[in-house]
Each structure stands twice: as structure tokens, then as C-alpha cells.
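To be precise, the following lines are final.cif, and they hold mmCIF, C-alpha atoms.
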```cif
data_protein
loop_
_atom_site.label_atom_id
_atom_site.label_comp_id
_atom_site.auth_asym_id
_atom_site.auth_seq_id
_atom_site.Cartn_x
_atom_site.Cartn_y
_atom_site.Cartn_z
CA MET A 1 27.01 -11.87 -0.71
CA HIS A 2 25.83 -9.68 -3.59
CA VAL A 3 24.36 -11.42 -6.66
CA HIS A 4 23.70 -9.80 -10.04
CA TYR A 5 22.92 -11.95 -13.07
CA ARG A 6 21.56 -11.20 -16.55
CA LEU A 7 19.97 -13.81 -18.81
CA GLN A 8 18.34 -13.70 -22.23
CA GLN A 9 17.23 -17.34 -22.44
CA PRO A 10 14.94 -19.05 -21.59
CA LEU A 11 13.53 -15.63 -20.57
CA PRO A 12 14.96 -12.13 -20.15
CA LEU A 13 16.12 -11.59 -16.58
CA ASP A 14 18.20 -8.95 -14.82
CA ALA A 15 18.22 -9.81 -11.13
CA LYS A 16 20.08 -8.11 -8.29
CA LEU A 17 19.82 -9.32 -4.71
CA GLN A 18 21.73 -9.51 -1.46
CA LEU A 19 22.08 -12.93 0.16
CA ASP A 20 21.69 -12.91 3.92
CA GLY A 21 21.58 -16.30 5.60
CA PHE A 22 18.53 -18.21 4.38
CA THR A 23 17.21 -16.09 1.49
CA VAL A 24 14.00 -17.07 -0.30
CA LEU A 25 13.56 -16.00 -3.93
CA HIS A 26 9.78 -15.84 -4.16
CA GLY A 27 7.89 -15.67 -7.43
CA VAL A 28 5.16 -17.34 -9.46
CA SER A 29 5.85 -20.36 -11.65
CA GLY A 30 7.59 -19.27 -14.83
CA SER A 31 9.00 -16.05 -13.37
CA GLY A 32 12.62 -17.20 -13.76
CA LYS A 33 13.52 -18.47 -10.29
CA THR A 34 14.96 -21.78 -11.49
CA SER A 35 16.69 -20.09 -14.43
CA LEU A 36 18.46 -17.69 -12.07
CA LEU A 37 19.67 -20.54 -9.83
CA ARG A 38 20.88 -22.53 -12.81
CA ALA A 39 22.72 -19.51 -14.22
CA ILE A 40 24.50 -18.94 -10.90
CA ALA A 41 25.44 -22.63 -10.87
CA GLY A 42 26.77 -22.33 -14.44
CA LEU A 43 24.11 -24.65 -15.90
CA LEU A 44 22.55 -21.91 -18.06
CA PRO A 45 24.32 -19.19 -20.05
CA GLY A 46 24.27 -15.92 -18.14
CA HIS A 47 26.44 -12.96 -17.26
CA GLY A 48 27.05 -11.62 -13.80
CA GLU A 49 28.64 -11.96 -10.42
CA PRO A 50 29.77 -13.93 -8.56
CA TRP A 51 31.63 -16.50 -10.68
CA GLY A 52 30.51 -15.19 -14.06
CA GLY A 53 32.42 -17.00 -16.80
CA TRP A 54 33.72 -19.74 -14.50
CA PRO A 55 33.36 -23.37 -15.68
CA VAL A 56 30.52 -25.11 -13.90
CA GLN A 57 32.87 -27.59 -12.17
CA HIS A 58 34.87 -24.74 -10.62
CA ARG A 59 31.97 -22.76 -9.16
CA PRO A 60 31.87 -23.11 -5.35
CA VAL A 61 28.13 -23.78 -5.18
CA GLY A 62 26.04 -26.64 -3.88
CA TYR A 63 22.94 -27.11 -6.05
CA LEU A 64 19.85 -28.98 -4.83
CA PRO A 65 17.44 -29.41 -7.77
CA GLN A 66 13.76 -30.19 -7.39
CA GLY A 67 13.20 -33.73 -6.18
CA CYS A 68 16.65 -34.06 -4.53
CA ALA A 69 18.00 -36.11 -7.48
CA LEU A 70 19.57 -38.79 -5.28
CA PHE A 71 20.81 -41.92 -7.02
CA PRO A 72 18.34 -44.71 -6.15
CA HIS A 73 20.97 -47.45 -6.68
CA LEU A 74 23.38 -45.92 -4.14
CA ARG A 75 23.06 -46.02 -0.36
CA VAL A 76 22.74 -42.80 1.60
CA TRP A 77 26.43 -42.51 2.41
CA GLN A 78 27.35 -43.36 -1.20
CA ASN A 79 25.14 -40.54 -2.48
CA VAL A 80 27.00 -38.09 -0.25
CA ALA A 81 30.41 -39.59 -1.12
CA PHE A 82 29.67 -39.28 -4.85
CA ALA A 83 30.66 -35.59 -4.71
CA LEU A 84 33.98 -36.34 -2.96
CA ASP A 85 37.48 -37.19 -4.17
CA GLY A 86 39.92 -39.66 -2.62
CA SER A 87 39.94 -43.35 -1.76
CA ARG A 88 36.76 -45.21 -0.87
CA LEU A 89 37.76 -45.17 2.80
CA GLN A 90 38.44 -41.42 2.76
CA ARG A 91 35.20 -40.71 0.95
CA ARG A 92 33.15 -42.83 3.34
CA SER A 93 34.79 -41.19 6.36
CA ARG A 94 34.00 -37.69 5.08
CA ALA A 95 30.46 -38.69 4.06
CA MET A 96 29.80 -40.10 7.53
CA GLN A 97 31.08 -36.88 9.10
CA LEU A 98 28.66 -34.81 7.00
CA LEU A 99 25.76 -37.13 7.76
CA ASP A 100 26.55 -37.00 11.47
CA GLU A 101 26.56 -33.18 11.41
CA LEU A 102 23.04 -33.27 9.96
CA GLY A 103 21.80 -35.98 12.34
CA LEU A 104 21.68 -38.66 9.63
CA ALA A 105 24.51 -41.00 10.60
CA GLY A 106 22.04 -43.73 11.54
CA LEU A 107 20.66 -43.75 7.99
CA ALA A 108 24.00 -44.13 6.22
CA ASP A 109 23.42 -47.67 4.92
CA ARG A 110 19.79 -47.23 3.89
CA TRP A 111 18.56 -46.81 0.34
CA PRO A 112 16.88 -43.51 -0.64
CA ARG A 113 13.50 -45.28 -0.94
CA GLN A 114 13.73 -46.25 2.74
CA ILE A 115 13.86 -42.71 4.20
CA SER A 116 11.35 -39.86 4.53
CA GLY A 117 11.02 -36.77 2.36
CA GLY A 118 12.66 -34.58 4.97
CA GLN A 119 15.52 -37.02 5.34
CA LEU A 120 15.96 -37.12 1.56
CA GLN A 121 16.30 -33.35 1.53
CA ARG A 122 18.93 -33.45 4.28
CA VAL A 123 20.90 -36.15 2.46
CA ALA A 124 20.84 -33.97 -0.66
CA LEU A 125 22.01 -31.08 1.51
CA ALA A 126 24.87 -33.20 2.89
CA ARG A 127 25.90 -34.07 -0.67
CA ALA A 128 25.84 -30.38 -1.62
CA LEU A 129 27.93 -29.47 1.44
CA ALA A 130 30.49 -32.13 0.53
CA ARG A 131 31.93 -29.74 -2.06
CA GLN A 132 32.54 -27.14 0.68
CA PRO A 133 30.50 -24.54 -1.23
CA GLN A 134 30.38 -20.81 -0.62
CA LEU A 135 26.70 -20.76 -1.60
CA LEU A 136 23.81 -23.25 -1.51
CA LEU A 137 21.13 -23.14 -4.21
CA LEU A 138 17.83 -24.91 -3.47
CA ASP A 139 15.14 -25.18 -6.14
CA GLU A 140 11.56 -25.53 -4.83
CA PRO A 141 12.49 -27.84 -1.92
CA THR A 142 8.86 -28.16 -0.77
CA SER A 143 6.98 -28.18 -4.08
CA ALA A 144 6.05 -31.88 -4.10
CA LEU A 145 5.26 -32.23 -0.39
CA ASP A 146 1.96 -32.27 1.47
CA PRO A 147 1.46 -29.54 4.13
CA VAL A 148 2.38 -31.73 7.12
CA THR A 149 5.50 -33.13 5.46
CA ARG A 150 6.36 -29.68 4.14
CA ASP A 151 6.63 -28.18 7.63
CA ASP A 152 8.88 -31.02 8.80
CA VAL A 153 11.12 -30.67 5.74
CA ILE A 154 11.40 -26.91 6.18
CA ASP A 155 12.39 -27.32 9.84
CA GLU A 156 15.02 -29.91 8.99
CA LEU A 157 16.44 -27.86 6.11
CA LEU A 158 16.61 -24.68 8.18
CA ILE A 159 18.43 -26.45 10.99
CA GLY A 160 20.89 -28.07 8.60
CA ILE A 161 21.61 -24.94 6.58
CA ARG A 162 22.02 -22.68 9.60
CA ARG A 163 24.27 -25.25 11.25
CA SER A 164 26.48 -25.32 8.14
CA GLY A 165 26.93 -21.53 8.17
CA VAL A 166 26.73 -21.42 4.35
CA PRO A 167 24.37 -18.81 2.84
CA ALA A 168 21.48 -20.27 0.87
CA LEU A 169 19.33 -18.97 -1.98
CA VAL A 170 16.05 -20.86 -2.13
CA ALA A 171 13.67 -20.58 -5.09
CA SER A 172 10.05 -21.01 -4.05
CA HIS A 173 6.49 -20.01 -4.88
CA ASP A 174 5.39 -20.96 -1.35
CA PRO A 175 4.55 -17.83 0.73
CA HIS A 176 4.80 -19.92 3.92
CA LEU A 177 8.45 -20.69 3.25
CA ALA A 178 9.07 -16.99 2.63
CA THR A 179 7.77 -16.13 6.11
CA LEU A 180 10.49 -18.32 7.69
CA ALA A 181 13.44 -16.85 5.78
CA ASP A 182 16.07 -14.42 6.99
CA SER A 183 15.47 -12.40 3.83
CA VAL A 184 12.83 -12.47 1.07
CA ALA A 185 13.40 -11.33 -2.53
CA LEU A 186 10.32 -10.96 -4.75
CA LEU A 187 10.88 -11.77 -8.43
CA ALA A 188 8.50 -10.39 -11.08
CA ASP A 189 8.76 -8.89 -14.55
CA GLY A 190 12.30 -10.20 -14.95
CA GLN A 191 13.74 -8.46 -11.91
CA VAL A 192 13.80 -8.42 -8.12
CA ILE A 193 11.14 -5.86 -7.24
CA GLN A 194 11.57 -5.95 -3.46
CA GLN A 195 13.85 -7.48 -0.85
CA GLY A 196 13.94 -7.31 2.93
CA SER A 197 13.09 -9.25 6.05
CA PRO A 198 9.77 -11.15 5.93
CA ALA A 199 8.29 -8.65 8.40
CA GLU A 200 9.30 -5.69 6.23
CA VAL A 201 8.17 -7.20 2.95
CA PHE A 202 4.84 -8.59 4.16
CA ARG A 203 4.05 -5.42 6.12
CA ARG A 204 4.80 -3.01 3.28
CA PRO A 205 4.72 -4.35 -0.32
CA VAL A 206 6.24 -1.81 -2.71
CA ASN A 207 3.81 -2.22 -5.61
CA VAL A 208 0.83 -4.16 -6.90
CA ALA A 209 2.98 -7.00 -8.23
CA ALA A 210 4.57 -7.42 -4.79
CA ALA A 211 1.16 -7.37 -3.11
CA GLN A 212 -0.12 -10.08 -5.46
CA LEU A 213 2.95 -12.25 -4.85
CA LEU A 214 2.33 -11.98 -1.11
CA GLY A 215 -1.20 -13.27 -1.55
CA ILE A 216 -3.05 -10.01 -0.93
CA SER A 217 -6.46 -10.62 -2.47
CA ASN A 218 -8.12 -7.21 -2.12
CA ILE A 219 -6.71 -4.80 -4.74
CA HIS A 220 -9.07 -2.06 -5.94
CA PRO A 221 -9.07 1.48 -7.37
CA ALA A 222 -9.83 4.31 -4.95
CA THR A 223 -10.05 8.11 -4.87
CA VAL A 224 -8.63 10.44 -2.22
CA LEU A 225 -11.45 12.42 -0.58
CA GLY A 226 -9.34 14.56 1.73
CA ARG A 227 -7.06 14.56 4.75
CA HIS A 228 -7.72 13.90 8.42
CA GLY A 229 -4.55 14.92 10.20
CA ALA A 230 -1.80 12.55 9.09
CA LEU A 231 -4.28 10.27 7.33
CA VAL A 232 -6.01 10.44 3.97
CA GLU A 233 -9.60 9.35 3.55
CA LEU A 234 -10.40 7.22 0.53
CA ASP A 235 -13.50 6.23 -1.39
CA CYS A 236 -13.15 2.64 -2.62
CA GLY A 237 -16.33 1.77 -4.47
CA GLY A 238 -18.48 3.38 -1.81
CA LEU A 239 -16.34 2.12 1.08
CA ARG A 240 -14.61 4.69 3.27
CA LEU A 241 -11.04 3.78 4.19
CA ARG A 242 -8.18 5.65 5.81
CA ALA A 243 -4.47 5.27 5.14
CA SER A 244 -1.22 6.94 6.14
CA PRO A 245 0.85 7.76 3.04
CA PRO A 246 4.40 9.13 3.39
CA THR A 247 3.89 11.67 0.59
CA GLU A 248 1.31 14.37 -0.05
CA LEU A 249 -1.80 13.21 -1.89
CA GLY A 250 -4.26 15.85 -2.98
CA ARG A 251 -8.01 15.59 -3.13
CA ASP A 252 -9.28 13.51 -6.09
CA SER A 253 -5.93 11.72 -6.50
CA GLU A 254 -6.45 8.34 -8.13
CA VAL A 255 -4.79 5.41 -6.36
CA ARG A 256 -5.10 1.67 -5.89
CA VAL A 257 -5.48 0.07 -2.49
CA ALA A 258 -4.27 -3.37 -1.40
CA ILE A 259 -5.60 -4.95 1.79
CA ALA A 260 -4.79 -8.40 3.15
CA ALA A 261 -7.86 -10.48 3.97
CA GLU A 262 -6.45 -11.07 7.47
CA ALA A 263 -6.43 -7.32 8.16
CA ILE A 264 -10.20 -6.85 7.81
CA ASP A 265 -12.59 -6.87 10.75
CA VAL A 266 -16.27 -7.57 10.12
CA GLU A 267 -19.12 -6.22 12.22
CA PRO A 268 -22.90 -6.33 11.91
CA VAL A 269 -24.89 -3.23 11.08
CA ARG A 270 -28.55 -2.48 11.59
CA ASN A 271 -30.98 -1.02 9.07
CA GLY A 272 -28.85 -1.98 6.10
CA GLY A 273 -25.12 -1.68 5.58
CA PRO A 274 -22.42 -0.91 3.05
CA MET A 275 -21.64 -4.56 2.26
CA THR A 276 -23.57 -7.78 1.68
CA LEU A 277 -22.24 -11.23 2.49
CA VAL A 278 -22.32 -13.11 -0.83
CA ARG A 279 -20.13 -16.12 -0.09
CA ARG A 280 -18.45 -17.87 2.82
CA ARG A 281 -16.00 -20.74 3.12
CA ARG A 282 -14.40 -22.68 5.94
CA GLU A 283 -10.59 -22.84 5.87
CA GLY A 284 -9.67 -25.15 8.72
CA LEU A 285 -10.54 -23.28 11.93
CA CYS A 286 -10.80 -19.98 10.08
CA GLN A 287 -13.57 -18.58 7.92
CA ARG A 288 -13.27 -16.61 4.67
CA LEU A 289 -16.04 -14.18 3.76
CA TRP A 290 -16.74 -12.46 0.45
CA LEU A 291 -18.51 -9.11 0.95
CA ARG A 292 -19.84 -6.93 -1.86
CA SER A 293 -20.59 -3.22 -1.73
CA ALA A 294 -23.51 -1.56 -3.47
CA ALA A 295 -21.04 -0.30 -6.10
CA GLY A 296 -19.90 -3.87 -6.84
CA VAL A 297 -16.54 -3.88 -4.99
CA THR A 298 -15.86 -7.29 -3.42
CA MET A 299 -13.64 -7.65 -0.37
CA GLN A 300 -12.40 -10.90 1.15
CA ALA A 301 -12.03 -11.15 4.91
CA LEU A 302 -10.29 -14.05 6.65
CA LEU A 303 -11.61 -14.39 10.19
CA PRO A 304 -9.60 -16.19 12.91
CA PRO A 305 -10.94 -19.19 14.88
CA LEU A 306 -12.39 -17.20 17.79
CA ALA A 307 -14.25 -14.71 15.61
CA ARG A 308 -18.01 -14.81 15.24
CA ASN A 309 -18.88 -17.48 12.67
CA ASP A 310 -22.67 -17.49 12.36
CA TRP A 311 -22.95 -14.99 9.51
CA GLN A 312 -25.51 -15.93 6.86
CA LEU A 313 -25.55 -15.18 3.15
CA GLY A 314 -27.33 -11.91 2.58
CA ASP A 315 -26.36 -10.44 5.97
CA MET A 316 -25.59 -6.72 5.87
CA LEU A 317 -22.16 -6.06 7.36
CA GLN A 318 -19.51 -3.38 7.66
CA ILE A 319 -15.75 -3.72 7.60
CA SER A 320 -12.96 -1.84 9.33
CA VAL A 321 -9.28 -1.83 8.42
CA PRO A 322 -6.46 -0.19 10.42
CA PRO A 323 -4.78 2.52 8.27
CA GLU A 324 -1.40 0.81 8.48
CA HIS A 325 -2.84 -2.17 6.59
CA VAL A 326 -4.23 -0.11 3.71
CA HIS A 327 -1.40 -0.03 1.16
CA LEU A 328 -1.54 2.70 -1.49
CA PHE A 329 -0.18 2.46 -5.03
CA ALA A 330 -0.24 4.78 -8.02
CA ARG A 331 -3.32 3.96 -10.12
CA ASN A 332 -1.60 3.69 -13.51
CA ALA A 333 1.94 2.66 -12.56
CA ARG A 334 3.86 -0.23 -11.08
CA GLY A 335 5.41 2.14 -8.53
CA ALA A 336 4.04 2.42 -5.03
CA ILE A 337 2.93 4.96 -2.50
CA PRO A 338 3.62 2.65 0.48
CA SER A 339 1.64 3.17 3.66
CA ALA A 340 3.62 4.04 6.77
CA GLY A 341 3.06 4.58 10.44
CA ARG A 342 0.24 3.49 12.72
CA ALA A 343 -2.87 5.42 13.58
CA PRO A 344 -6.17 4.53 15.22
CA MET A 345 -9.30 4.05 13.14
CA GLN A 346 -12.69 2.89 14.28
CA THR A 347 -13.11 0.32 17.04
CA THR A 348 -12.81 -3.25 15.82
CA ALA A 349 -14.42 -6.40 17.10
CA ALA A 350 -12.83 -7.54 20.33
CA GLY A 351 -10.35 -10.33 20.15
CA MET A 352 -9.58 -9.97 16.43
CA PRO A 353 -5.80 -10.31 15.98
CA ARG A 354 -3.87 -8.24 13.45
CA PRO A 355 -1.32 -9.59 11.02
CA ALA A 356 2.31 -8.73 11.78
#
```
Go ahead and express the file in the form of C-alpha cells.
Amino acid sequence: MHVHYRLQQPLPLDAKLQLDGFTVLHGVSGSGKTSLLRAIAGLLPGHGEPWGGWPVQHRPVGYLPQGCALFPHLRVWQNVAFALDGSRLQRRSRAMQLLDELGLAGLADRWPRQISGGQLQRVALARALARQPQLLLLDEPTSALDPVTRDDVIDELLIGIRRSGVPALVASHDPHLATLADSVALLADGQVIQQGSPAEVFRRPVNVAAAQLLGISNIHPATVLGRHGALVELDCGGLRLRASPPTELGRDSEVRVAIAAEAIDVEPVRNGGPMTLVRRRREGLCQRLWLRSAAGVTMQALLPPLARNDWQLGDMLQISVPPEHVHLFARNARGAIPSAGRAPMQTTAAGMPRPA
């Protein structure tokens, strides 16, 4: 399903995207994700396709707002039946069928306060499916949940949505949810700046805004020093990096580099080194290091559980990054010079996994 909507209020937006199964619309708070969903549902004025100009009650969409919005004074089956027409018996029968399809039949007579967050989401999904929609719209389904509950809710929603066979557009600022989608659309500056499978989008962000949305913390200016076969060598604040751009970059070209913290290997050096460890932090079983070069460039490295973890503040270290994880962007533009291909660099510490 192709979607193209234009809005002027509450913020200018001109968004085009292709819906493929479970599609996550990923963007920061205030970027227009909720506004786009509400415009598609007919709850905000907007122009576009599909269903542009249709009355809200005639649009074949199922809308799940933040917080599920179940009626606390109605039982589970009554919440689902609220969206249905017919006699009470007919409505209860259809509601029970929908609940059974989502594995919730045993909860039919409970009150919303008596079921879990994941179950609440599935009841809201059953109510949305009661209208036999052509599209599901979910607004921040995990925003108010703790990490453990969040994972359970995501699993339950994915199962329910994929079982229904109805395409879904899910607004979220949660990168974890984006990794589980069939397709990810990045929203920034009032438009969709990139869309593709999670593997494609996370592996190759198209510009700095996309890299920032994906949580890439290391974004710095760099200068092209020259070529080494298919690779270019870069100077990034005294650090030497290599990348594989798809287009010709001449010597002294000014670019920006973006490197995920997970892509950096850290190794000790003797007799001084290019980077000094200035900060460290535990993140569960992992360890995040902040390393600063003599020129003042700071890089973050996120080390996995089995990596060496006895570094001390002030240690002199060196980093290595595979060329395919050094993303290149034009220095003074939003456009990108995306890295491509794989090529060997220097040897990295044994056992250090690479991000997909």
C-alpha cells in the first residue's frame, strides 16, 4: 500500500512511504509521527492518498492510540464489541471470535484493570480489527512500558498483527521496535528521508539525520587523504580511517563520518597512543568507553560482554573500524555519500562481534 499525505497543521509534513507488513515510522518526539497517523485516520485535516477527503467514519482503518484507550467500565468483550453493529448476541459472538483469534478468549469477562499491558494492547488490536480495516495504525504502542514488559508486548502485537494479515503502520521513537519491523521509514524534517528493511536502513543510513535517528553517536568531520585501491583513507581529527564510497572522492575532499559505537574495536598500544580513555560506563553486561584523540575528537565504543573490561581512565588505546561501518556524508549538506561493499582493514581484537 502506497501512502502520501500532506499536512500544514500542527506542523508542515509531506510524507511518502510504502507499507509492507509491519512498518515502523521511526522519528523523534515532535517529528510528526502521530500527526501523520491521525491524518490518515481522518482525525486531522490533511490531503493525500489513500482515502483523502473521506469522512472519518468511512475510512477502513483501525486506529490504536497511545495508552490503548479501552473503556474501563466495560468488560474485555464489551470493549471489542463496541466497534460492532448488530444485536447484543451478534456483537458478543463476533467479539468472542476476534478474542479467540488473538488468544484472549479466556479474558473476555475481565475488566481492563485486571489484565496485563500486553493483553491490553491485544484487546485494543481486537477492537481495531472488528471494523475489518484495510490498514492498522498504532501510535507509540510501547512508549509507557518498562523494557521487560515492552518486549512481551511487542511479541504479542507482532503475532496478532501478522496473524490478521492486515498491514500496519506503527509510529515509534523506539529503535528496538524498528529492528523487528518488516520495513522501517525514518521521518525527519517533515518528510520520510529513508525507508527499507531494518538491515538495509541500519547498515547504510542515507544522511546525518538518518544516522542520528538510528542512534549512531560518533559523527565527525573528516578529510580525504587519498585512495588505497577501492578504499579512501580519511583523517578524522588525527585518527586514520578507511571507507569504501561508491563515488569518486578526490584528495582533500571534506566529508562527515558516522560510526556506530558497536562497530569500534579497542586495543591497547604501547609507548603512547592516538586516543585516551576519558570515561567508561557499564551498560548491563556491556561496557561503553569514551576515547579522546589528541586533536579533541571523542569516539564512543560499546564493547560486548566477552570483551576485555579492565581498561582504566587515562589508558592509551587505539581503535579500529571496518570500512563498511564508516559511513560518509557530504560535509555541508543533508545528502549522503553512503559507504558500500566490504573490505579488510587492520586486525581486530579476537572475539569482537560486528553489528549486522
**Request:** Pull out every residue that the PyMOL selection byres ((chain A and resi 139-142) around 12) matches in the shown coordinates and put them as number ranges by chain.
**Result:** A: 24-29, 32-38, 41, 62-69, 117-118, 120-122, 124-125, 136-138, 143-158, 168-178
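Distance-wise, atom CA of Arg279 of chain A and atom CA of Ser217 of chain A end up 14.9 Å apart.
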**Message:** Distance cut-off 10 Å, centre (-22.4, -4.9, 6.4) in file coordinates, counting only C-alpha atoms: which residues qualify? Return them as an MDAnalysis selection string.
**Reply:** chainID A and resid 266:277 291:293 314:319
**Request:** Rounded to one decimal place, report the atom CA of Ser31 of chain A-atom CA of Ala188 of chain A distance in Å.
**Result:** 6.1 Å
**Request:** Check which residues satisfy the PyMOL selection byres ((chain A and resi 21) around 12) in the file shown, then give them as a list in words.
**Result:** Met1, Gln18, Leu19, Asp20, Phe22, Thr23, Val24, Gln134, Leu135, Leu136, Leu137, Leu158, Ile159, Ile161, Arg162, Arg163, Ser164, Gly165, Val166, Pro167, Ala168, Leu169, Val170, Leu180, Ala181, Asp182, Ser183, Val184 and Ser197 of chain A
**Prompt:** Could you name the residues that touch segment 50-54 of chain A at 7 Å or less, counting only C-alpha atoms, but leaving out those on the same chain fewer than 4 positions away, as a ChimeraX atom specification?
**Reply:** /A:3,58-59
**Shell of 7 Å around Gly46 of chain A, all atoms listed in the file, local chain residues under 2 positions omitted, as a list of chain:residue names** =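 Selected residues are A:Tyr5, A:Arg6, A:Leu7, A:Ala39, A:Leu44, A:Gly48.
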**Request:** Taking the file above as input, evaluate the PyMOL selection byres ((chain A and resi 221) around 6) and report the hits as a PyMOL selection string.
**Result:** chain A and resi 220+222+255-256
Save out the residues we just selected, C-alpha atoms, as a CSV table (one decimal), in the frame of the given file.
```csv
chain,number,residue,atom,x,y,z
A,220,HIS,CA,-9.1,-2.1,-5.9
A,222,ALA,CA,-9.8,4.3,-5.0
A,255,VAL,CA,-4.8,5.4,-6.4
A,256,ARG,CA,-5.1,1.7,-5.9
```
**Asked** Any idea what the distance is between atom CA of Gly103 of chain A and atom CA of Pro198 of chain A?
**Response**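 If I compute the distance from atom CA of Gly103 of chain A to atom CA of Pro198 of chain A, I get 28.3 Å.
Using only C-alpha atoms, the contacts of Pro304 of chain A at a cut-off of 9 Å, with sequence neighbours closer than 2 positions omitted, comprise Glu262, Leu285, Cys286, Gln287, Leu302, Leu306, Ala307, Arg308, Met352 and Pro353 of chain A.
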**Distance criterion (only C-alpha atoms): nearest to Gly190 of chain A out of A:Lys16, A:His228, A:Arg280, A:His73** =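 That would be A:Lys16, the residue with the smallest distance to Gly190 of chain A.
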**Request:** Would you please work out which residue, of A:Ala95, A:Ala258, A:Ala210, A:Ala15, is nearest to Phe82 of chain A when using all atoms listed in the file?
**Result:**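 Going through A:Ala95, A:Ala258, A:Ala210, A:Ala15 one by one, the smallest distance to Phe82 of chain A is for A:Ala95.
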**Asked** Using all atoms listed in the file, which of the listed residues (A:Leu214, A:Leu313, A:Ala295, A:Ala199) sits closest to Leu187 of chain A?
**Response** A:Leu214
**Request:** Considering all atoms listed in the file, state which residue in the set A:Leu11, A:Ala260, A:Val278, A:Leu129 is at the smallest distance from Leu84 of chain A.
**Result:**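 For Leu84 of chain A, the nearest of the candidates is A:Leu129.
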**Residue nearest Thr223 of chain A among A:Val192, A:Ala330, A:Met299, A:Ala83 (counting only C-alpha atoms)** =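 For Thr223 of chain A, the nearest of the given residues is A:Ala330.
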